[in-house]
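With compact mmCIF, C-alpha atoms inside, this is data22.txt:
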```txt
# COMPACT_ATOMS: atom_id res chain seq x y z
CA MET L 26 -26.72 -52.56 -45.29
CA SER L 27 -26.06 -49.76 -42.78
CA THR L 28 -26.66 -46.05 -43.38
CA ALA L 29 -23.75 -44.07 -44.80
CA PRO L 30 -21.98 -41.97 -42.13
CA ARG L 31 -22.05 -38.21 -41.77
CA PHE L 32 -18.51 -36.86 -42.17
CA PRO L 33 -17.21 -33.72 -40.45
CA GLY L 34 -16.91 -30.59 -42.58
CA SER L 35 -13.11 -30.61 -42.45
CA LEU L 36 -13.02 -34.08 -44.01
CA ARG L 37 -15.43 -33.11 -46.76
CA LEU L 38 -13.27 -30.05 -47.45
CA PHE L 39 -10.21 -32.27 -47.75
CA PHE L 40 -11.91 -34.41 -50.37
CA LYS L 41 -12.98 -31.36 -52.36
CA VAL L 42 -9.34 -30.26 -52.46
CA TYR L 43 -8.24 -33.83 -53.26
CA GLU L 44 -10.71 -33.92 -56.14
CA GLY L 45 -9.37 -30.63 -57.46
CA MET L 46 -5.79 -31.91 -57.37
CA TRP L 47 -6.76 -34.89 -59.50
CA ARG L 48 -8.45 -32.66 -62.04
CA LEU L 49 -5.42 -30.40 -62.28
CA GLY L 50 -3.15 -33.41 -62.78
CA MET L 51 -5.17 -35.13 -65.49
CA PRO L 52 -3.34 -33.62 -68.52
CA TRP L 53 0.00 -34.78 -67.09
CA LEU L 54 -1.32 -38.23 -66.16
CA ARG L 55 -2.46 -38.87 -69.74
CA ARG L 56 1.14 -38.45 -70.92
CA HIS L 57 2.67 -40.48 -68.06
CA SER L 58 4.55 -43.49 -69.42
CA ARG L 59 3.00 -45.95 -66.96
CA LEU L 60 -0.35 -44.39 -66.03
CA GLY L 61 -1.07 -43.80 -69.70
CA GLU L 62 -1.43 -47.57 -70.12
CA GLY L 63 -5.09 -48.49 -69.75
CA TYR L 64 -5.99 -44.81 -69.56
CA SER L 65 -9.56 -45.29 -70.77
CA GLU L 66 -10.19 -47.81 -67.98
CA ARG L 67 -8.40 -45.72 -65.35
CA THR L 68 -10.55 -42.71 -66.24
CA LEU L 69 -13.78 -44.72 -66.67
CA GLU L 70 -14.29 -43.73 -70.29
CA SER L 71 -15.70 -47.25 -70.34
CA LEU L 72 -17.38 -48.42 -67.14
CA PRO L 73 -16.77 -51.83 -65.50
CA ASP L 74 -19.60 -54.35 -65.42
CA PRO L 75 -21.57 -55.01 -62.21
CA ALA L 76 -19.92 -57.51 -59.85
CA ASP L 77 -20.64 -59.16 -56.51
CA LEU L 78 -17.04 -58.78 -55.35
CA TRP L 79 -14.29 -56.30 -56.20
CA ILE L 80 -10.68 -57.29 -55.46
CA GLN L 81 -7.94 -54.67 -55.82
CA SER L 82 -4.27 -55.63 -56.17
CA ALA L 83 -1.44 -53.15 -56.62
CA SER L 84 1.00 -54.96 -58.90
CA VAL L 85 2.47 -58.37 -59.66
CA GLY L 86 2.88 -59.70 -56.12
CA GLU L 87 -0.56 -58.72 -54.94
CA SER L 88 -2.15 -59.99 -58.16
CA TYR L 89 -0.66 -63.42 -57.54
CA LEU L 90 -2.22 -63.36 -54.06
CA SER L 91 -5.59 -62.47 -55.62
CA TRP L 92 -5.14 -65.48 -57.90
CA GLU L 93 -4.70 -67.71 -54.85
CA LEU L 94 -7.92 -66.35 -53.36
CA LEU L 95 -9.89 -66.88 -56.56
CA LYS L 96 -8.66 -70.47 -56.89
CA ARG L 97 -10.01 -71.31 -53.44
CA LEU L 98 -13.15 -69.18 -53.33
CA GLN L 99 -16.26 -71.33 -52.75
CA PRO L 100 -19.34 -69.07 -52.92
CA ALA L 101 -22.76 -70.52 -52.26
CA ARG L 102 -23.85 -69.35 -55.71
CA PRO L 103 -22.11 -68.32 -58.94
CA ILE L 104 -20.66 -64.83 -58.55
CA ARG L 105 -19.07 -62.15 -60.68
CA VAL L 106 -15.72 -60.73 -59.56
CA LEU L 107 -14.09 -57.51 -60.71
CA THR L 108 -10.31 -57.78 -60.33
CA THR L 109 -8.22 -54.64 -60.74
CA ALA L 110 -4.53 -53.78 -60.63
CA THR L 111 -2.56 -50.57 -60.83
CA THR L 112 0.27 -51.72 -63.13
CA ARG L 113 0.45 -53.40 -66.52
CA GLN L 114 2.39 -56.30 -64.98
CA GLY L 115 -0.38 -56.81 -62.44
CA ILE L 116 -2.97 -56.82 -65.23
CA GLU L 117 -0.98 -59.46 -67.11
CA VAL L 118 -0.98 -61.71 -64.03
CA LEU L 119 -4.73 -61.25 -63.56
CA ASN L 120 -5.34 -62.11 -67.22
CA GLN L 121 -3.41 -65.34 -66.70
CA ALA L 122 -5.51 -66.00 -63.61
CA GLU L 123 -8.74 -65.42 -65.50
CA ALA L 124 -7.84 -68.06 -68.07
CA GLY L 125 -7.16 -70.60 -65.32
CA ILE L 126 -10.10 -69.71 -63.08
CA ARG L 127 -12.52 -70.08 -65.99
CA ILE L 128 -11.65 -73.80 -66.03
CA ARG L 129 -10.76 -74.49 -62.41
CA ASN L 130 -13.48 -72.52 -60.60
CA PRO L 131 -16.52 -72.10 -62.90
CA ARG L 132 -18.62 -70.58 -60.09
CA VAL L 133 -16.42 -67.49 -60.31
CA GLY L 134 -16.67 -65.21 -63.34
CA MET L 135 -13.78 -62.74 -63.63
CA GLN L 136 -13.47 -59.31 -65.20
CA VAL L 137 -9.98 -57.74 -65.34
CA ARG L 138 -9.48 -53.97 -65.51
CA TYR L 139 -7.07 -51.24 -64.52
CA PHE L 140 -7.79 -49.64 -61.15
CA PRO L 141 -9.48 -46.24 -61.58
CA LEU L 142 -7.61 -43.06 -60.74
CA ASP L 143 -8.48 -42.22 -57.15
CA SER L 144 -10.49 -38.99 -57.46
CA PRO L 145 -13.56 -39.24 -55.18
CA SER L 146 -16.02 -38.52 -58.00
CA ARG L 147 -14.46 -41.16 -60.24
CA MET L 148 -14.49 -43.76 -57.45
CA ALA L 149 -18.15 -42.93 -56.80
CA ARG L 150 -18.94 -43.56 -60.49
CA ALA L 151 -17.04 -46.85 -60.41
CA LEU L 152 -18.86 -48.11 -57.33
CA ASP L 153 -22.24 -47.05 -58.71
CA ALA L 154 -21.47 -49.07 -61.86
CA VAL L 155 -20.08 -52.15 -60.11
CA ARG L 156 -22.35 -52.19 -57.01
CA PRO L 157 -20.18 -54.76 -55.18
CA GLY L 158 -21.39 -56.48 -52.05
CA LEU L 159 -17.81 -56.41 -50.73
CA MET L 160 -14.53 -54.66 -51.54
CA VAL L 161 -11.36 -56.66 -50.82
CA LEU L 162 -8.03 -54.83 -50.68
CA VAL L 163 -4.92 -57.00 -50.90
CA GLU L 164 -2.05 -56.13 -48.52
CA THR L 165 -2.00 -52.30 -48.16
CA GLU L 166 -4.16 -50.75 -50.86
CA LEU L 167 -5.29 -47.65 -48.96
CA TRP L 168 -6.70 -45.14 -51.45
CA PRO L 169 -8.56 -42.30 -49.71
CA GLY L 170 -10.89 -41.57 -52.63
CA LEU L 171 -11.96 -45.21 -52.80
CA LEU L 172 -12.38 -45.58 -49.03
CA PHE L 173 -14.42 -42.35 -48.87
CA ALA L 174 -16.71 -43.52 -51.66
CA LEU L 175 -17.14 -46.93 -50.03
CA LYS L 176 -18.14 -45.35 -46.73
CA ASN L 177 -20.58 -42.99 -48.45
CA ARG L 178 -22.30 -46.01 -50.01
CA ALA L 179 -22.06 -48.21 -46.92
CA ILE L 180 -20.22 -50.88 -48.93
CA PRO L 181 -18.13 -53.09 -46.61
CA ALA L 182 -14.38 -53.18 -47.18
CA MET L 183 -11.91 -55.80 -45.99
CA ILE L 184 -8.10 -55.92 -46.10
CA VAL L 185 -6.60 -59.39 -46.47
CA ASN L 186 -2.95 -60.36 -46.13
CA GLY L 187 -2.49 -56.92 -44.61
CA ARG L 188 1.00 -55.50 -44.18
CA MET L 189 2.05 -52.15 -42.79
CA SER L 190 5.68 -51.15 -42.29
CA VAL L 191 6.89 -48.86 -39.53
CA LYS L 192 7.67 -46.22 -42.17
CA SER L 193 4.15 -46.44 -43.63
CA LEU L 194 2.65 -46.21 -40.15
CA GLN L 195 4.44 -42.93 -39.54
CA GLY L 196 2.90 -41.50 -42.70
CA TYR L 197 -0.66 -42.62 -41.90
CA ARG L 198 -0.46 -41.33 -38.33
CA ARG L 199 0.27 -37.78 -39.49
CA TRP L 200 -3.43 -37.28 -40.19
CA PRO L 201 -5.58 -39.61 -38.09
CA ALA L 202 -8.67 -37.46 -38.72
CA LEU L 203 -8.52 -38.54 -42.38
CA TRP L 204 -8.04 -42.28 -41.94
CA HIS L 205 -10.12 -43.05 -38.84
CA PRO L 206 -13.57 -42.31 -40.36
CA ILE L 207 -12.99 -43.98 -43.75
CA GLY L 208 -11.06 -47.11 -42.75
CA PRO L 209 -12.12 -50.65 -43.69
CA GLY L 210 -14.28 -52.55 -41.23
CA ARG L 211 -12.17 -55.72 -41.17
CA ILE L 212 -8.45 -56.31 -41.48
CA LEU L 213 -6.64 -59.65 -41.58
CA ALA L 214 -2.95 -58.90 -41.04
CA VAL L 215 -0.04 -61.28 -41.63
CA SER L 216 1.63 -60.75 -38.23
CA GLU L 217 0.82 -59.37 -34.82
CA PRO L 218 3.17 -56.35 -35.30
CA ASP L 219 1.31 -55.57 -38.55
CA ALA L 220 -2.00 -55.97 -36.72
CA VAL L 221 -0.89 -53.54 -33.99
CA ARG L 222 0.06 -50.95 -36.61
CA PHE L 223 -3.28 -51.33 -38.41
CA ARG L 224 -5.18 -50.94 -35.12
CA SER L 225 -3.40 -47.67 -34.42
CA VAL L 226 -4.41 -46.26 -37.82
CA PHE L 227 -7.94 -47.76 -37.90
CA PRO L 228 -9.14 -48.03 -34.28
CA ARG L 229 -12.72 -48.68 -35.41
CA ALA L 230 -11.78 -51.75 -37.47
CA THR L 231 -11.84 -55.34 -36.27
CA VAL L 232 -8.25 -56.54 -36.77
CA ALA L 233 -6.91 -60.08 -36.48
CA VAL L 234 -3.95 -62.14 -37.70
CA MET L 235 -3.95 -64.67 -40.54
CA ASP L 236 -1.31 -66.87 -42.16
CA ASN L 237 0.43 -65.19 -45.07
CA ILE L 238 -1.06 -66.17 -48.44
CA LYS L 239 2.43 -66.06 -49.94
CA PHE L 240 3.14 -69.38 -48.25
CA ASP L 241 0.21 -70.93 -50.19
CA ARG L 242 1.76 -69.85 -53.48
CA LEU L 243 4.80 -71.99 -52.82
CA GLY L 244 4.05 -75.55 -53.87
CA ILE L 245 6.22 -78.31 -52.50
CA GLU L 246 6.25 -80.65 -55.47
CA GLU L 247 9.64 -80.85 -57.16
CA PRO L 248 9.97 -78.14 -59.82
CA THR L 249 11.36 -79.08 -63.21
CA PRO L 250 13.00 -76.58 -65.54
CA SER L 251 11.28 -76.31 -68.90
CA THR L 252 12.70 -77.96 -72.00
CA ARG L 253 13.54 -74.53 -73.39
CA PHE L 254 15.56 -73.68 -70.30
CA GLN L 255 17.48 -76.93 -70.59
CA GLU L 256 18.29 -76.09 -74.21
CA TRP L 257 19.31 -72.51 -73.49
CA PHE L 258 21.28 -73.27 -70.32
CA PRO L 259 22.71 -76.80 -70.66
CA SER L 260 24.13 -78.51 -67.60
CA GLY L 261 27.85 -78.11 -67.14
CA ARG L 262 27.75 -74.37 -67.69
CA PRO L 263 27.01 -72.38 -64.50
CA PHE L 264 23.78 -70.39 -64.54
CA ILE L 265 23.45 -67.60 -61.97
CA VAL L 266 20.09 -65.88 -61.49
CA LEU L 267 19.85 -62.30 -60.24
CA GLY L 268 16.14 -62.06 -59.47
CA SER L 269 13.80 -59.12 -58.88
CA VAL L 270 16.49 -56.44 -59.10
CA ARG L 271 15.24 -53.00 -58.05
CA ARG L 272 16.21 -49.58 -59.35
CA GLY L 273 17.92 -48.33 -56.17
CA GLU L 274 20.45 -51.16 -56.23
CA GLU L 275 21.40 -51.13 -59.91
CA ASP L 276 24.90 -49.74 -59.30
CA ALA L 277 25.60 -52.41 -56.70
CA VAL L 278 24.23 -55.17 -58.95
CA THR L 279 26.34 -53.91 -61.84
CA ASN L 280 29.44 -54.27 -59.65
CA LEU L 281 28.21 -57.72 -58.64
CA ILE L 282 27.91 -58.74 -62.29
CA LEU L 283 31.42 -57.50 -63.06
CA ARG L 284 32.84 -59.41 -60.08
CA LEU L 285 31.05 -62.60 -61.11
CA ARG L 286 32.13 -62.18 -64.72
CA SER L 287 35.74 -61.83 -63.58
CA GLY L 288 35.66 -64.86 -61.30
CA HIS L 289 33.42 -67.08 -63.45
CA PRO L 290 33.88 -66.07 -67.11
CA GLU L 291 32.12 -69.23 -68.30
CA ALA L 292 28.92 -68.58 -66.31
CA VAL L 293 25.69 -67.31 -67.84
CA LEU L 294 23.82 -64.70 -65.80
CA GLY L 295 20.04 -64.32 -65.87
CA LEU L 296 19.14 -60.75 -64.92
CA PHE L 297 15.51 -60.16 -63.91
CA PRO L 298 14.61 -56.48 -63.37
CA ARG L 299 11.72 -56.20 -60.92
CA HIS L 300 10.01 -53.73 -63.27
CA LEU L 301 10.13 -54.35 -67.02
CA HIS L 302 10.32 -50.66 -67.88
CA ARG L 303 13.93 -50.82 -66.58
CA VAL L 304 15.02 -53.27 -69.30
CA GLU L 305 16.17 -50.59 -71.74
CA SER L 306 18.14 -48.84 -69.01
CA TRP L 307 19.85 -52.13 -68.22
CA GLU L 308 20.71 -52.65 -71.88
CA LYS L 309 22.55 -49.34 -71.91
CA ARG L 310 24.27 -50.08 -68.62
CA LEU L 311 25.52 -53.51 -69.76
CA ALA L 312 26.66 -52.09 -73.11
CA PHE L 313 28.63 -49.35 -71.32
CA HIS L 314 30.61 -52.08 -69.55
CA SER L 315 31.05 -54.05 -72.82
CA LEU L 316 29.21 -57.04 -71.39
CA LEU L 317 27.83 -59.64 -73.81
CA GLN L 318 24.03 -59.50 -73.51
CA VAL L 319 20.84 -60.80 -75.08
CA ARG L 320 17.18 -60.22 -74.33
CA ARG L 321 15.19 -63.24 -73.18
CA SER L 322 12.61 -62.55 -75.93
CA ARG L 323 15.33 -63.03 -78.56
CA LEU L 324 16.70 -66.35 -77.34
CA THR L 325 16.59 -69.07 -79.98
CA SER L 326 19.41 -71.45 -79.06
CA ASP L 327 22.15 -72.33 -76.58
CA VAL L 328 23.32 -69.17 -74.77
CA SER L 329 26.98 -68.29 -75.15
CA SER L 330 29.30 -68.58 -72.16
CA GLY L 331 29.71 -65.29 -70.34
CA ALA L 332 26.45 -63.78 -71.60
CA VAL L 333 23.98 -61.81 -69.51
CA VAL L 334 20.41 -62.75 -70.41
CA LEU L 335 18.23 -59.71 -69.75
CA TRP L 336 14.72 -60.90 -68.93
CA ASP L 337 11.93 -58.94 -70.61
CA ARG L 338 9.15 -61.48 -69.94
CA ILE L 339 7.19 -62.00 -66.73
CA GLY L 340 6.17 -65.33 -65.20
CA GLU L 341 9.44 -67.21 -65.80
CA LEU L 342 11.45 -66.44 -62.70
CA ASN L 343 10.56 -69.69 -60.92
CA ALA L 344 11.53 -71.71 -63.99
CA ALA L 345 14.89 -69.93 -63.95
CA TYR L 346 15.31 -70.71 -60.25
CA ALA L 347 14.66 -74.38 -61.04
CA ARG L 348 17.61 -74.40 -63.45
CA ALA L 349 19.94 -72.06 -61.52
CA ASP L 350 23.17 -73.08 -59.84
CA ALA L 351 23.22 -69.97 -57.64
CA VAL L 352 20.66 -67.25 -56.90
CA PHE L 353 20.69 -63.68 -55.66
CA VAL L 354 17.30 -62.16 -54.78
CA GLY L 355 17.24 -58.42 -55.29
CA GLY L 356 15.58 -55.49 -53.62
CA SER L 357 18.06 -56.18 -50.84
CA LEU L 358 21.22 -54.23 -51.75
CA ALA L 359 19.37 -50.93 -51.31
CA PRO L 360 16.96 -49.90 -48.53
CA VAL L 361 13.82 -50.89 -50.43
CA GLY L 362 12.72 -53.81 -48.26
CA GLY L 363 13.73 -56.90 -50.24
CA GLN L 364 11.90 -59.30 -52.57
CA ASN L 365 10.56 -62.83 -52.18
CA PHE L 366 13.45 -65.15 -51.28
CA LEU L 367 11.18 -68.13 -50.50
CA GLU L 368 10.58 -69.12 -54.12
CA PRO L 369 14.12 -70.28 -54.94
CA LEU L 370 14.15 -72.36 -51.76
CA MET L 371 11.43 -74.63 -53.12
CA CYS L 372 13.65 -75.23 -56.14
CA GLY L 373 16.38 -76.54 -53.84
CA ILE L 374 18.47 -73.37 -54.12
CA ARG L 375 19.74 -71.46 -51.08
CA PRO L 376 19.28 -67.83 -52.06
CA VAL L 377 21.67 -65.03 -51.19
CA ILE L 378 20.24 -61.65 -50.29
CA GLY L 379 21.61 -58.28 -49.26
CA PRO L 380 21.08 -56.63 -45.86
CA SER L 381 17.68 -55.07 -46.67
CA TRP L 382 14.72 -57.41 -46.18
CA ASP L 383 12.34 -55.48 -43.94
CA ASN L 384 9.31 -56.33 -46.11
CA PHE L 385 9.86 -60.01 -45.29
CA LYS L 386 10.30 -59.84 -41.53
CA TRP L 387 7.06 -61.84 -41.33
CA VAL L 388 9.06 -64.86 -42.47
CA GLY L 389 10.97 -64.89 -39.18
CA THR L 390 14.59 -65.85 -38.56
CA GLU L 391 14.40 -69.65 -38.69
CA LEU L 392 15.45 -69.91 -42.34
CA PHE L 393 18.52 -67.79 -41.65
CA GLU L 394 19.42 -69.72 -38.52
CA GLN L 395 19.30 -72.96 -40.53
CA GLY L 396 21.51 -71.49 -43.25
CA LEU L 397 18.79 -71.84 -45.87
CA VAL L 398 18.94 -68.12 -46.66
CA ARG L 399 22.21 -66.19 -46.38
CA ILE L 400 22.80 -62.45 -46.10
CA GLY L 401 25.70 -60.61 -47.68
CA ARG L 402 26.32 -57.24 -46.03
CA ASN L 403 27.29 -55.69 -49.40
CA TRP L 404 27.66 -56.66 -53.06
CA GLU L 405 31.20 -57.97 -52.52
CA LYS L 406 30.01 -60.42 -49.85
CA VAL L 407 27.04 -61.41 -52.02
CA ALA L 408 29.46 -62.26 -54.83
CA ASP L 409 31.57 -64.36 -52.45
CA LEU L 410 28.54 -66.34 -51.27
CA LEU L 411 27.38 -66.99 -54.84
CA SER L 412 30.88 -68.21 -55.71
CA GLU L 413 30.77 -70.58 -52.73
CA ASP L 414 27.56 -72.11 -54.07
CA LEU L 415 29.10 -72.65 -57.49
CA ALA L 416 32.13 -74.33 -55.91
CA ALA L 417 30.22 -76.53 -53.43
CA PRO L 418 26.49 -76.60 -54.15
CA PRO L 419 24.32 -77.99 -51.32
CA SER L 420 21.99 -80.92 -51.89
CA ARG L 421 18.87 -79.67 -53.65
CA ALA L 422 16.79 -82.48 -52.14
CA ALA L 423 17.89 -81.59 -48.61
CA VAL L 424 17.15 -77.90 -49.12
CA ARG L 425 13.72 -78.68 -50.53
CA ASP L 426 12.87 -81.11 -47.74
CA ARG L 427 13.78 -78.70 -44.96
CA THR L 428 12.00 -75.84 -46.68
CA GLY L 429 8.90 -77.95 -47.33
CA ARG L 430 8.54 -78.79 -43.65
CA TYR L 431 8.93 -75.11 -42.80
CA LEU L 432 6.25 -74.02 -45.29
CA GLN L 433 3.69 -76.70 -44.43
CA ARG L 434 3.50 -75.36 -40.89
CA ARG L 435 2.56 -71.92 -42.25
CA GLN L 436 0.16 -72.54 -45.13
CA GLY L 437 -3.60 -71.99 -45.12
CA GLY L 438 -3.89 -68.20 -45.29
CA ALA L 439 -5.74 -68.17 -48.61
CA ARG L 440 -8.48 -70.44 -47.27
CA GLN L 441 -8.75 -68.33 -44.10
CA ALA L 442 -9.22 -65.18 -46.17
CA CYS L 443 -11.71 -66.93 -48.47
CA GLU L 444 -13.86 -67.99 -45.52
CA ALA L 445 -14.03 -64.40 -44.30
CA VAL L 446 -15.00 -63.22 -47.80
CA GLU L 447 -17.50 -66.04 -48.36
CA SER L 448 -19.33 -65.29 -45.11
CA VAL L 449 -20.16 -61.81 -46.45
CA LEU L 450 -20.99 -62.98 -49.98
CA ASN L 451 -23.19 -65.78 -48.65
CA GLY L 452 -25.38 -63.34 -46.75
CA PHE L 453 -24.06 -63.50 -43.21
CA PRO L 454 -23.83 -60.18 -41.36
CA TYR L 455 -20.57 -58.41 -42.05
CA SER L 456 -19.75 -58.43 -38.35
CA CYS L 457 -19.89 -62.24 -38.33
CA ALA L 458 -17.15 -62.80 -40.90
CA PRO L 459 -14.68 -65.24 -39.31
CA LEU L 460 -11.36 -64.07 -37.93
CA TYR L 461 -8.17 -66.01 -37.37
CA PHE L 462 -5.61 -65.65 -34.64
CA GLN L 463 -2.13 -67.15 -34.66
```
Show how you would write the structure in this file as structure tokens.
Amino acid sequence: MSTAPRFPGSLRLFFKVYEGMWRLGMPWLRRHSRLGEGYSERTLESLPDPADLWIQSASVGESYLSWELLKRLQPARPIRVLTTATTRQGIEVLNQAEAGIRIRNPRVGMQVRYFPLDSPSRMARALDAVRPGLMVLVETELWPGLLFALKNRAIPAMIVNGRMSVKSLQGYRRWPALWHPIGPGRILAVSEPDAVRFRSVFPRATVAVMDNIKFDRLGIEEPTPSTRFQEWFPSGRPFIVLGSVRRGEEDAVTNLILRLRSGHPEAVLGLFPRHLHRVESWEKRLAFHSLLQVRRSRLTSDVSSGAVVLWDRIGELNAAYARADAVFVGGSLAPVGGQNFLEPLMCGIRPVIGPSWDNFKWVGTELFEQGLVRIGRNWEKVADLLSEDLAAPPSRAAVRDRTGRYLQRRQGGARQACEAVESVLNGFPYSCAPLYFQ
């Protein structure tokens, strides 16, 4: 392991100020509705156990990617892995992963905890307790306190499935003197444009391109809706799913619901807020418009025609896609970058999205050119496209077949990332970890 670097005085001064800001904010953070969850773990009132590998995911999406890595990880010896997430939803996904990994991959022992608050002293305590041989950051988990502590302890850090938007790049480039010295040594980005942006922020890192792990999450066996879904949403009654709806588009989605209710009064709508803490706000919004509604957690029988089912459980969106007659994928009617529109495709459903999908530019344009994904320029056009699907639904088998061929050409990212991680865990020099170029 190499010697920890000597940082310039200006950088050390920054981290002293950064530390002070965290200390001043602690009383407020304890009362914060989201950060208050798992507070004892975030503040290290109880320390994590030692681990050979530490994987940090931000929330639900990144935690699912960590799950894919852990399923495929093949270390030369049994290892302990600390998996952390920043949100409660991410923790719930990692807990599900732990239950499965315990059976599927017994050479990997998992510990699940909330990610510590990023004060440099707290990150130093966490690393001294865990003593990982490698830190893996999923997508764009760039926490300065963590990176500073890693560099001080000469612990190698690697970004996998790395993404960096143009907007994020502009923010990181405002202070290159901060990021250059503390950056990770290796970065596997999901596209060449992402790789170029990472290189400009971290010129000392070795950066290459890998296949996106999100493609590995999408199985190509035919999905079947659960028995419960068939009971709640019997065939013959249209079921429209509005998936992963984000806060910035709630007004537009409300108008979309009203338009669909007017044109298809018999249809049942499944509304999936991207963040569960928005469920109560949605209840009030639907009540204001006198819309019949029921929480998913309270379903016991066949859902009434015209009802909006407000989803307050995670992990069931794909099952809903498998039963849906039409699908809108949210995060796309406001400039927030979009959400994953690939998942409904594998259920044989052509999704409709709004004009914002910058976070999924890595997918390319082929799916749009083939008409497998359609864009509505506003909520009115989205409603029209959903109505078209209800009137003349395309063949599910044909959609699945075309999508399956598309995905098979792009899968393998999880194994690529695992090989890079395994080379470090198995004792090879960090500089020899394999890289992948598309």
Check: Need the neighbours of (-7.8, -47.8, -62.2): which residues are at most 6 Å away, counting all atoms listed in the file, as a VMD selection string?
Finding: chain L and resid 67 139 to 142
Output the selection as an mmCIF file, keeping the file's coordinate frame - C-alpha atoms for each residue.
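This is the output file again11.cif:
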```
data_model
loop_
_atom_site.group_PDB
_atom_site.id
_atom_site.type_symbol
_atom_site.label_atom_id
_atom_site.label_comp_id
_atom_site.auth_asym_id
_atom_site.auth_seq_id
_atom_site.Cartn_x
_atom_site.Cartn_y
_atom_site.Cartn_z
ATOM 1 C CA ARG L 67 -8.400 -45.720 -65.350
ATOM 2 C CA TYR L 139 -7.070 -51.240 -64.520
ATOM 3 C CA PHE L 140 -7.790 -49.640 -61.150
ATOM 4 C CA PRO L 141 -9.480 -46.240 -61.580
ATOM 5 C CA LEU L 142 -7.610 -43.060 -60.740
#
```
Item checked: Option closest in space to Phe393 (chain L), from L:Ser448, L:Pro103, L:Thr428, L:Val407 [counting all atoms listed in the file] ->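 Closest to Phe393 (chain L), using all atoms listed in the file: L:Thr428.
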Item checked: Top pick for closest residue to Phe227 (chain L), considering L:Arg138, L:Arg211, L:Arg262, L:Arg310 and counting all atoms listed in the file -> L:Arg211
Next item on the list: List every protein, DNA or RNA residue with an atom no more than 8 Å from (16.6, -69.6, -53.1) in the file's coordinates, counting all atoms listed in the file, and format the result as a PyMOL selection string.
Entry: chain L and resi 346+352-354+366-377+397-398
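Going from CA of Pro157 (chain L) to CA of Gln99 (chain L) covers 17.2 Å.
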Next item on the list: May I ask for the distance between CA of Glu70 (chain L) and CA of Val133 (chain L), given in Å to one decimal place?
Entry: 25.9 Å
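One distance worth recording is that between CA of Leu194 (chain L) and CA of Asp241 (chain L), which is 26.8 Å.
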What are the closest atom pairs, with distances in Å to one decimal, for all residues of region 297-414 of chain L lying within 9 Å of region 280-283 of chain L? Consider only C-alpha atoms, order rows by chain and residue number, and present the result as CSV.
```
residue,atom,partner,partner_atom,distance
L:His314,CA,L:Leu283,CA,8.5
L:Leu316,CA,L:Leu283,CA,8.6
L:Val333,CA,L:Ile282,CA,8.8
L:Trp404,CA,L:Leu281,CA,5.7
L:Glu405,CA,L:Leu281,CA,6.8
L:Val407,CA,L:Leu281,CA,7.7
L:Ala408,CA,L:Leu281,CA,6.1
```
Notebook entry, point to check: Taking all atoms listed in the file into account, which of L:Pro206, L:Pro145, L:Gly452, L:Gly187 comes nearest Ala233 (chain L)?
Noted result: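 Counting all atoms listed in the file, the residue closest to Ala233 (chain L) is L:Gly187.
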Note to self: Could you list, as a PyMOL selection string, every residue within 8 Å of region 439-447 of chain L, counting all atoms listed in the file and ignoring same-chain residues fewer than 2 positions away?
What the structure shows: chain L and resi 93-94+97-101+159+185-186+213+235-238+241+437+449-451+458-461
Check: Counting only C-alpha atoms, which of L:Val42, L:Val161, L:Val106, L:Ala220 gets nearest to Ser146 (chain L)?
Finding: L:Val42
Next item on the list: Give the answer as one residue: which of L:Glu308, L:Glu391, L:Asp383, L:Glu66 has the shortest atom-to-atom distance to Leu335 (chain L), using only C-alpha atoms?
Entry: L:Glu308
Check: Residues at most 12 Å from Leu36 (chain L), counting all atoms listed in the file, excluding those fewer than 2 positions away in the same chain, as a list in words?
Finding: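 Listed by chain and then number, they are Arg31, Phe32, Pro33, Gly34, Leu38, Phe39, Phe40, Lys41, Val42, Tyr43, Pro169, Gly170, Phe173, Trp200, Pro201, Ala202, Leu203, Trp204, His205, Pro206 and Ile207 of chain L.
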Note to self: Nearest residue to Thr252 (chain L) out of L:Lys96, L:Arg150, L:Arg348, L:Arg229, using only C-alpha atoms?
What the structure shows: L:Arg348
Region 185-304 of chain L residues near region 414-417 of chain L within 10 Å, closest pair each, using only C-alpha atoms, as a Markdown table:
```
| residue | atom | partner | partner_atom | distance |
| --- | --- | --- | --- | --- |
| L:Pro263 | CA | L:Leu415 | CA | 7.3 |
| L:Phe264 | CA | L:Leu415 | CA | 9.1 |
| L:Ile265 | CA | L:Leu415 | CA | 8.8 |
| L:His289 | CA | L:Leu415 | CA | 9.2 |
| L:Ala292 | CA | L:Leu415 | CA | 9.7 |
```
